[in-house]
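Structure file data04.cif; described as mmCIF, C-alpha atoms.
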data_query
loop_
_atom_site.group_PDB
_atom_site.id
_atom_site.type_symbol
_atom_site.label_atom_id
_atom_site.label_comp_id
_atom_site.auth_asym_id
_atom_site.auth_seq_id
_atom_site.Cartn_x
_atom_site.Cartn_y
_atom_site.Cartn_z
ATOM 1 C CA MET F 1 -36.043 5.107 220.125
ATOM 2 C CA PRO F 2 -37.964 7.220 217.555
ATOM 3 C CA ASP F 3 -39.746 10.353 218.807
ATOM 4 C CA SER F 4 -43.144 8.714 218.204
ATOM 5 C CA GLY F 5 -42.086 5.851 220.459
ATOM 6 C CA TRP F 6 -41.263 8.228 223.307
ATOM 7 C CA VAL F 7 -44.622 9.975 222.872
ATOM 8 C CA LEU F 8 -46.466 6.656 223.002
ATOM 9 C CA LEU F 9 -44.533 5.593 226.074
ATOM 10 C CA GLY F 10 -45.420 8.891 227.783
ATOM 11 C CA VAL F 11 -49.116 8.442 227.005
ATOM 12 C CA LEU F 12 -49.054 4.878 228.312
ATOM 13 C CA MET F 13 -47.352 6.004 231.524
ATOM 14 C CA VAL F 14 -49.957 8.729 232.092
ATOM 15 C CA LEU F 15 -52.763 6.221 231.552
ATOM 16 C CA GLY F 16 -51.073 3.817 233.913
ATOM 17 C CA VAL F 17 -50.860 6.482 236.638
ATOM 18 C CA LEU F 18 -54.524 7.337 236.139
ATOM 19 C CA GLY F 19 -55.470 3.656 236.268
ATOM 20 C CA ALA F 20 -53.512 3.108 239.459
ATOM 21 C CA ALA F 21 -55.072 6.218 241.014
ATOM 22 C CA GLY F 22 -58.556 4.977 240.080
ATOM 23 C CA ALA F 23 -57.904 1.557 241.572
ATOM 24 C CA LEU F 24 -56.576 3.145 244.781
ATOM 25 C CA PHE F 25 -59.615 5.436 244.980
ATOM 26 C CA ALA F 26 -61.949 2.468 244.536
ATOM 27 C CA TRP F 27 -60.187 0.541 247.284
ATOM 28 C CA ARG F 28 -60.453 3.458 249.714
ATOM 29 C CA MET F 29 -64.148 3.821 248.953
ATOM 30 C CA ALA F 30 -64.664 0.113 249.528
ATOM 31 C CA VAL F 31 -63.097 0.404 252.963
ATOM 32 C CA LYS F 32 -65.082 3.457 253.992
ATOM 33 C CA GLU F 33 -68.428 2.941 252.202
ATOM 34 C CA PRO F 34 -69.373 -0.731 251.674
ATOM 35 C CA GLU F 35 -72.853 0.275 250.403
ATOM 36 C CA ARG F 36 -71.316 1.631 247.167
ATOM 37 C CA GLU F 37 -69.865 -1.729 246.219
ATOM 38 C CA PRO F 38 -71.254 -1.937 242.589
ATOM 39 C CA ARG F 39 -69.808 1.457 241.661
ATOM 40 C CA ILE F 40 -66.526 0.569 243.347
ATOM 41 C CA GLU F 41 -66.280 -2.665 241.394
ATOM 42 C CA VAL F 42 -66.715 -0.729 238.133
ATOM 43 C CA LEU F 43 -63.981 1.732 239.102
ATOM 44 C CA ALA F 44 -61.674 -1.066 240.167
ATOM 45 C CA GLY F 45 -62.299 -2.873 236.881
ATOM 46 C CA ILE F 46 -61.485 0.255 234.880
ATOM 47 C CA GLY F 47 -58.308 0.835 236.869
ATOM 48 C CA GLY F 48 -57.229 -2.783 236.546
ATOM 49 C CA GLY F 49 -57.892 -2.700 232.811
ATOM 50 C CA LEU F 50 -55.793 0.430 232.391
ATOM 51 C CA ILE F 51 -52.921 -1.086 234.358
ATOM 52 C CA THR F 52 -53.063 -4.282 232.298
ATOM 53 C CA GLY F 53 -53.202 -2.289 229.097
ATOM 54 C CA ILE F 54 -50.191 -0.186 230.071
ATOM 55 C CA ALA F 55 -48.205 -3.304 230.889
ATOM 56 C CA VAL F 56 -49.020 -4.876 227.515
ATOM 57 C CA GLY F 57 -48.327 -1.629 225.665
ATOM 58 C CA VAL F 58 -44.943 -1.065 227.295
ATOM 59 C CA SER F 59 -43.934 -4.681 226.653
ATOM 60 C CA ALA F 60 -44.883 -4.386 222.977
ATOM 61 C CA LEU F 61 -43.025 -1.069 222.656
ATOM 62 C CA PHE F 62 -39.790 -2.416 224.070
ATOM 63 C CA LEU F 63 -40.105 -5.616 222.040
ATOM 64 C CA GLU F 64 -40.359 -3.490 218.895
ATOM 65 C CA GLN F 65 -37.307 -1.481 219.986
ATOM 66 C CA SER F 66 -35.328 -4.653 220.660
ATOM 67 C CA LEU F 67 -36.165 -6.096 217.244
ATOM 68 C CA GLY F 68 -35.145 -2.824 215.600
ATOM 69 C CA GLU F 69 -31.765 -2.853 217.337
ATOM 70 C CA ARG F 70 -31.171 -6.456 216.295
ATOM 71 C CA GLN F 71 -31.937 -5.612 212.673
ATOM 72 C CA LYS F 72 -29.475 -2.706 212.783
ATOM 73 C CA TYR F 73 -26.778 -4.947 214.278
ATOM 74 C CA SER F 74 -27.374 -7.654 211.645
ATOM 75 C CA ALA F 75 -27.050 -5.074 208.854
ATOM 76 C CA TRP F 76 -23.860 -3.644 210.410
ATOM 77 C CA ARG F 77 -22.318 -7.113 210.773
ATOM 78 C CA ALA F 78 -23.182 -8.046 207.173
ATOM 79 C CA ASN F 79 -21.561 -4.858 205.885
ATOM 80 C CA VAL F 80 -18.388 -5.567 207.869
ATOM 81 C CA GLU F 81 -18.165 -9.128 206.585
ATOM 82 C CA ILE F 82 -18.383 -8.145 202.914
ATOM 83 C CA ALA F 83 -16.175 -5.026 203.075
ATOM 84 C CA GLU F 84 -12.557 -5.365 201.944
ATOM 85 C CA SER F 85 -11.316 -2.109 203.452
ATOM 86 C CA ILE F 86 -12.602 -0.301 206.565
ATOM 87 C CA PRO F 87 -10.163 2.455 207.585
ATOM 88 C CA GLY F 88 -10.538 3.413 211.240
ATOM 89 C CA PHE F 89 -12.843 0.467 211.959
ATOM 90 C CA THR F 90 -14.315 0.736 215.456
ATOM 91 C CA PRO F 91 -16.552 -2.078 216.755
ATOM 92 C CA GLY F 92 -17.309 -0.266 220.014
ATOM 93 C CA SER F 93 -19.417 -2.487 222.261
ATOM 94 C CA ARG F 94 -20.730 -4.616 219.375
ATOM 95 C CA ASP F 95 -20.131 -8.365 219.357
ATOM 96 C CA ILE F 96 -17.511 -9.221 216.705
ATOM 97 C CA GLN F 97 -17.072 -12.884 217.585
ATOM 98 C CA GLY F 98 -17.143 -15.072 214.482
ATOM 99 C CA ILE F 99 -16.479 -12.291 211.944
ATOM 100 C CA ASN F 100 -13.769 -13.325 209.478
ATOM 101 C CA PHE F 101 -11.358 -10.389 209.122
ATOM 102 C CA SER F 102 -8.838 -12.280 206.981
ATOM 103 C CA GLY F 103 -7.441 -10.279 204.068
ATOM 104 C CA LYS F 104 -9.186 -7.052 205.070
ATOM 105 C CA THR F 105 -7.524 -3.650 205.293
ATOM 106 C CA LEU F 106 -8.253 -2.300 208.770
ATOM 107 C CA ARG F 107 -5.703 0.474 209.052
ATOM 108 C CA ASN F 108 -5.937 2.572 212.234
ATOM 109 C CA ALA F 109 -8.680 0.303 213.583
ATOM 110 C CA ASP F 110 -9.658 0.727 217.222
ATOM 111 C CA PHE F 111 -9.656 -2.718 218.829
ATOM 112 C CA ARG F 112 -8.878 -1.574 222.362
ATOM 113 C CA GLY F 113 -9.955 -4.315 224.758
ATOM 114 C CA ALA F 114 -11.754 -6.162 221.951
ATOM 115 C CA ASP F 115 -12.545 -9.860 222.271
ATOM 116 C CA LEU F 116 -10.778 -11.430 219.283
ATOM 117 C CA ARG F 117 -10.111 -14.865 220.738
ATOM 118 C CA LYS F 118 -9.688 -17.458 217.962
ATOM 119 C CA ALA F 119 -10.388 -14.708 215.413
ATOM 120 C CA GLN F 120 -9.470 -15.088 211.756
ATOM 121 C CA LEU F 121 -7.048 -12.261 210.887
ATOM 122 C CA ARG F 122 -4.883 -13.972 208.304
ATOM 123 C CA ASP F 123 -3.094 -11.436 206.043
ATOM 124 C CA THR F 124 -5.091 -8.618 207.645
ATOM 125 C CA ASP F 125 -3.576 -5.130 207.359
ATOM 126 C CA LEU F 126 -3.661 -3.640 210.863
ATOM 127 C CA THR F 127 -1.227 -0.815 210.214
ATOM 128 C CA GLY F 128 -1.462 1.753 213.008
ATOM 129 C CA ALA F 129 -4.225 -0.162 214.778
ATOM 130 C CA ASP F 130 -4.864 0.347 218.479
ATOM 131 C CA LEU F 131 -4.910 -3.118 220.051
ATOM 132 C CA ARG F 132 -4.119 -2.187 223.639
ATOM 133 C CA GLY F 133 -5.531 -4.823 225.950
ATOM 134 C CA ALA F 134 -7.100 -6.763 223.077
ATOM 135 C CA ARG F 135 -7.737 -10.472 223.638
ATOM 136 C CA LEU F 136 -6.155 -12.340 220.732
ATOM 137 C CA GLN F 137 -5.585 -15.733 222.319
ATOM 138 C CA ARG F 138 -5.256 -18.510 219.717
ATOM 139 C CA ALA F 139 -6.093 -16.097 216.896
ATOM 140 C CA ASN F 140 -4.988 -16.819 213.333
ATOM 141 C CA LEU F 141 -2.563 -13.950 212.644
ATOM 142 C CA VAL F 142 -0.533 -15.573 209.879
ATOM 143 C CA GLY F 143 0.886 -12.820 207.670
ATOM 144 C CA ALA F 144 -0.930 -10.097 209.608
ATOM 145 C CA ASN F 145 0.593 -6.624 209.343
ATOM 146 C CA PHE F 146 0.980 -4.847 212.699
ATOM 147 C CA TYR F 147 3.222 -2.092 211.350
ATOM 148 C CA GLN F 148 3.163 0.835 213.838
ATOM 149 C CA ALA F 149 0.323 -0.833 215.760
ATOM 150 C CA ASP F 150 -0.003 -0.419 219.533
ATOM 151 C CA LEU F 151 -0.175 -3.827 221.241
ATOM 152 C CA ARG F 152 0.643 -2.855 224.814
ATOM 153 C CA GLY F 153 -1.150 -5.160 227.210
ATOM 154 C CA ALA F 154 -2.569 -7.297 224.393
ATOM 155 C CA HIS F 155 -2.991 -11.040 224.943
ATOM 156 C CA LEU F 156 -1.588 -13.181 222.136
ATOM 157 C CA GLU F 157 -1.199 -16.433 224.053
ATOM 158 C CA GLY F 158 -1.194 -19.341 221.636
ATOM 159 C CA ALA F 159 -1.717 -17.104 218.585
ATOM 160 C CA ASP F 160 -0.319 -18.154 215.200
ATOM 161 C CA LEU F 161 2.212 -15.496 214.194
ATOM 162 C CA HIS F 162 3.833 -17.151 211.197
ATOM 163 C CA ALA F 163 5.173 -14.391 208.891
ATOM 164 C CA ALA F 164 3.469 -11.657 210.940
ATOM 165 C CA ASN F 165 4.968 -8.164 210.813
ATOM 166 C CA PHE F 166 5.563 -6.254 214.043
ATOM 167 C CA THR F 167 7.942 -3.686 212.526
ATOM 168 C CA ARG F 168 7.729 -0.464 214.555
ATOM 169 C CA ALA F 169 4.875 -1.923 216.593
ATOM 170 C CA THR F 170 4.727 -1.025 220.289
ATOM 171 C CA ILE F 171 4.920 -4.220 222.317
ATOM 172 C CA TYR F 172 6.531 -2.879 225.499
ATOM 173 C CA ASP F 173 5.395 -0.283 227.991
ATOM 174 C CA ARG F 174 8.566 0.827 229.729
ATOM 175 C CA ASP F 175 6.681 2.918 232.274
ATOM 176 C CA ARG F 176 4.148 0.280 233.285
ATOM 177 C CA ASP F 177 4.084 -3.494 233.428
ATOM 178 C CA ARG F 178 1.881 -3.897 230.359
ATOM 179 C CA ASP F 179 4.008 -5.834 227.909
ATOM 180 C CA THR F 180 2.295 -7.812 225.176
ATOM 181 C CA ASP F 181 1.831 -11.434 226.238
ATOM 182 C CA PHE F 182 3.289 -13.792 223.613
ATOM 183 C CA THR F 183 3.182 -16.910 225.802
ATOM 184 C CA ARG F 184 3.086 -20.023 223.575
ATOM 185 C CA SER F 185 2.601 -17.903 220.443
ATOM 186 C CA VAL F 186 3.847 -19.749 217.362
ATOM 187 C CA VAL F 187 6.451 -17.954 215.236
ATOM 188 C CA ASN F 188 8.831 -18.824 212.419
ATOM 189 C CA LYS F 189 11.815 -17.330 210.632
ATOM 190 C CA ASP F 190 9.587 -14.922 208.702
ATOM 191 C CA THR F 191 8.038 -13.329 211.795
ATOM 192 C CA CYS F 192 9.362 -9.769 211.906
ATOM 193 C CA TRP F 193 10.038 -7.920 215.178
ATOM 194 C CA PRO F 194 10.758 -4.254 215.906
ATOM 195 C CA VAL F 195 14.185 -2.936 216.763
ATOM 196 C CA GLY F 196 14.679 -2.985 220.535
ATOM 197 C CA THR F 197 12.834 -6.274 221.059
ATOM 198 C CA ASP F 198 13.895 -8.098 224.212
ATOM 199 C CA VAL F 199 15.005 -11.229 222.328
ATOM 200 C CA PRO F 200 15.932 -13.385 225.365
ATOM 201 C CA LYS F 201 12.591 -12.656 227.024
ATOM 202 C CA LEU F 202 10.656 -13.315 223.832
ATOM 203 C CA THR F 203 12.444 -16.583 223.113
ATOM 204 C CA ARG F 204 11.330 -17.856 226.523
ATOM 205 C CA GLN F 205 7.708 -17.122 225.625
ATOM 206 C CA VAL F 206 7.210 -18.115 222.001
ATOM 207 C CA VAL F 207 7.288 -21.479 220.246
ATOM 208 C CA ASN F 208 9.515 -21.844 217.160
ATOM 209 C CA GLU F 209 7.816 -23.821 214.449
ATOM 210 C CA PRO F 210 9.605 -25.584 212.953
ATOM 211 C CA PRO F 211 12.300 -25.611 215.668
ATOM 212 C CA LEU F 212 15.100 -23.209 214.724
ATOM 213 C CA PRO F 213 18.588 -22.609 216.129
ATOM 214 C CA ALA F 214 18.789 -20.095 218.954
ATOM 215 C CA LEU F 215 18.278 -16.450 217.894
ATOM 216 C CA ARG F 216 17.593 -17.444 214.312
ATOM 217 C CA TRP F 217 13.831 -17.440 214.609
ATOM 218 C CA GLY F 218 12.104 -14.437 213.200
ATOM 219 C CA GLY F 219 14.028 -11.314 212.351
ATOM 220 C CA LEU F 220 14.650 -7.840 213.681
ATOM 221 C CA ALA F 221 13.842 -4.793 211.590
ATOM 222 C CA PRO F 222 15.292 -3.652 209.263
ATOM 223 C CA GLY F 223 16.798 -7.065 208.457
ATOM 224 C CA CYS F 224 13.544 -8.986 208.022
ATOM 225 C CA ALA F 225 13.479 -11.215 204.984
ATOM 226 C CA LEU F 226 9.725 -11.082 204.318
ATOM 227 C CA TRP F 227 8.855 -7.531 205.373
ATOM 228 C CA GLU F 228 10.298 -4.123 204.742
ATOM 229 C CA ASN F 229 8.633 -1.753 207.204
ATOM 230 C CA GLY F 230 4.928 -2.050 206.378
ATOM 231 C CA ASP F 231 5.183 -3.771 203.001
ATOM 232 C CA ARG F 232 5.663 -7.377 201.928
ATOM 233 C CA THR F 233 8.801 -8.016 199.909
ATOM 234 C CA ASP F 234 7.660 -11.242 198.247
#

Structure rendered as structure tokens:
Amino acid sequence: MPDSGWVLLGVLMVLGVLGAAGALFAWRMAVKEPEREPRIEVLAGIGGGLITGIAVGVSALFLEQSLGERQKYSAWRANVEIAESIPGFTPGSRDIQGINFSGKTLRNADFRGADLRKAQLRDTDLTGADLRGARLQRANLVGANFYQADLRGAHLEGADLHAANFTRATIYDRDRDRDTDFTRSVVNKDTCWPVGTDVPKLTRQVVNEPPLPALRWGGLAPGCALWENGDRTD
């Protein structure tokens, strides 16, 4: 809130206290001295008017503040949608539902715990991104680059991982039970996995599309056909 807004709010609060005190004083006089009723009615009217005015003023002030915050958020969202590269992108507590991130370069982005369900992240460069605990259920991650990204505890249930690159990504937490959830994620022979991947466990979770012979889906770094570390080979 601008400094002028805080000053105005302080003035309104002082007037409100004075109005309430005047109304209380008028009520006490009415109880003790009924013969002063006209004067008491005037005091009560003034106090009531001040209280009403403070209520209207505070409501208007906070409405103005709310509109200002919405305008800032709309401008921020528009800038994100048109930008091609945002290194270190951090949405914080802002709502990012519906933003199309496809084709953007978001290296070292901070998506910890972010709600990216059904998000469009096709061919998005997420090199080094922090996606711990992110919700990526049914997201479009075709060709997305997760090179050196941290996906511990992320939820990728039902996500489309055709040709996605997980080379050197962290998908297991050996010290805690926070493995990335790939349940019903869709992969193909061009999906690239880091060395040390628990292949038997992963094959029980993911869906091969089209169906491929056992252990022939995807590839393990450095033998991936489509990716070499963090770069496409095609």

- prompt: What is the distance between CA of Leu106 in chain F and CA of Ala83 in chain F, in Å to one decimal?
  reply: 10.1 Å

task: Tell me, in Å to one decimal, how far CA of Thr183 in chain F is from CA of Glu157 in chain F.
output: 4.7 Å

message: Suppose a student applies the PyMOL selection byres ((chain F and resi 234) around 12) to this structure; what residues should they get, written as a PyMOL selection string?
response: chain F and resi 143+163+190+224-228+231-233

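Selection check: the PyMOL selection byres ((chain F and resi 166) around 8) on the shown file gives Asn145, Phe146, Tyr147, Gln148, Ala149, Ala164, Asn165, Thr167, Arg168, Ala169, Thr191, Cys192, Trp193 and Pro194 of chain F.
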
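Shell of range 120-123 of chain F at 8 Å, with all atoms listed in the file counted and residues fewer than 2 places along the chain excluded, is Ile99, Asn100, Phe101, Ser102, Gly103, Lys104, Lys118, Asp125, Ala139, Asn140, Leu141, Val142, Gly143, Ala144 and Asn145 of chain F.
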
Just the selected residues (C-alpha atoms), exported as a short mmCIF file (atom, residue, chain, number, x, y, z; two decimals), keeping the file's coordinate frame, please.
data_model
loop_
_atom_site.label_atom_id
_atom_site.label_comp_id
_atom_site.auth_asym_id
_atom_site.auth_seq_id
_atom_site.Cartn_x
_atom_site.Cartn_y
_atom_site.Cartn_z
CA ILE F 99 -16.48 -12.29 211.94
CA ASN F 100 -13.77 -13.32 209.48
CA PHE F 101 -11.36 -10.39 209.12
CA SER F 102 -8.84 -12.28 206.98
CA GLY F 103 -7.44 -10.28 204.07
CA LYS F 104 -9.19 -7.05 205.07
CA LYS F 118 -9.69 -17.46 217.96
CA ASP F 125 -3.58 -5.13 207.36
CA ALA F 139 -6.09 -16.10 216.90
CA ASN F 140 -4.99 -16.82 213.33
CA LEU F 141 -2.56 -13.95 212.64
CA VAL F 142 -0.53 -15.57 209.88
CA GLY F 143 0.89 -12.82 207.67
CA ALA F 144 -0.93 -10.10 209.61
CA ASN F 145 0.59 -6.62 209.34
#

- request: Take CA of Gly113 in chain F and CA of Ala154 in chain F and report the distance between them in Å, one decimal.
  value: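 Rounded to one decimal, the two atoms are 8.0 Å apart.
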
field: Of the listed residues F:Ser74, F:Thr203, F:Thr170, F:Thr90, that which approaches Arg132 in chain F most closely, counting all atoms listed in the file
entry: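 Answer, going by the shortest atom-to-atom distance: F:Thr170.
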
message: Please determine, counting all atoms listed in the file, which residue among F:Asn229, F:Asn108, F:Asn79, F:Ser93 has the shortest atom-to-atom distance to Val195 in chain F.
response: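 Checking each candidate against Val195 in chain F, we get F:Asn229 as the closest.
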
message: Assuming the chain letters and numbering stay as they are in my file, what does the PyMOL selection byres ((chain F and resi 185) around 8) actually select? List them as number ranges by chain.
response: F: 138, 156-161, 182-184, 186-187, 205-207

Would you save the residues from that selection as a PDB file, in the frame of the given file, using C-alpha atoms?
ATOM      1  CA  ARG F 138      -5.256 -18.510 219.717  1.00  0.00           C
ATOM      2  CA  LEU F 156      -1.588 -13.181 222.136  1.00  0.00           C
ATOM      3  CA  GLU F 157      -1.199 -16.433 224.053  1.00  0.00           C
ATOM      4  CA  GLY F 158      -1.194 -19.341 221.636  1.00  0.00           C
ATOM      5  CA  ALA F 159      -1.717 -17.104 218.585  1.00  0.00           C
ATOM      6  CA  ASP F 160      -0.319 -18.154 215.200  1.00  0.00           C
ATOM      7  CA  LEU F 161       2.212 -15.496 214.194  1.00  0.00           C
ATOM      8  CA  PHE F 182       3.289 -13.792 223.613  1.00  0.00           C
ATOM      9  CA  THR F 183       3.182 -16.910 225.802  1.00  0.00           C
ATOM     10  CA  ARG F 184       3.086 -20.023 223.575  1.00  0.00           C
ATOM     11  CA  VAL F 186       3.847 -19.749 217.362  1.00  0.00           C
ATOM     12  CA  VAL F 187       6.451 -17.954 215.236  1.00  0.00           C
ATOM     13  CA  GLN F 205       7.708 -17.122 225.625  1.00  0.00           C
ATOM     14  CA  VAL F 206       7.210 -18.115 222.001  1.00  0.00           C
ATOM     15  CA  VAL F 207       7.288 -21.479 220.246  1.00  0.00           C
TER      16      VAL F 207
END
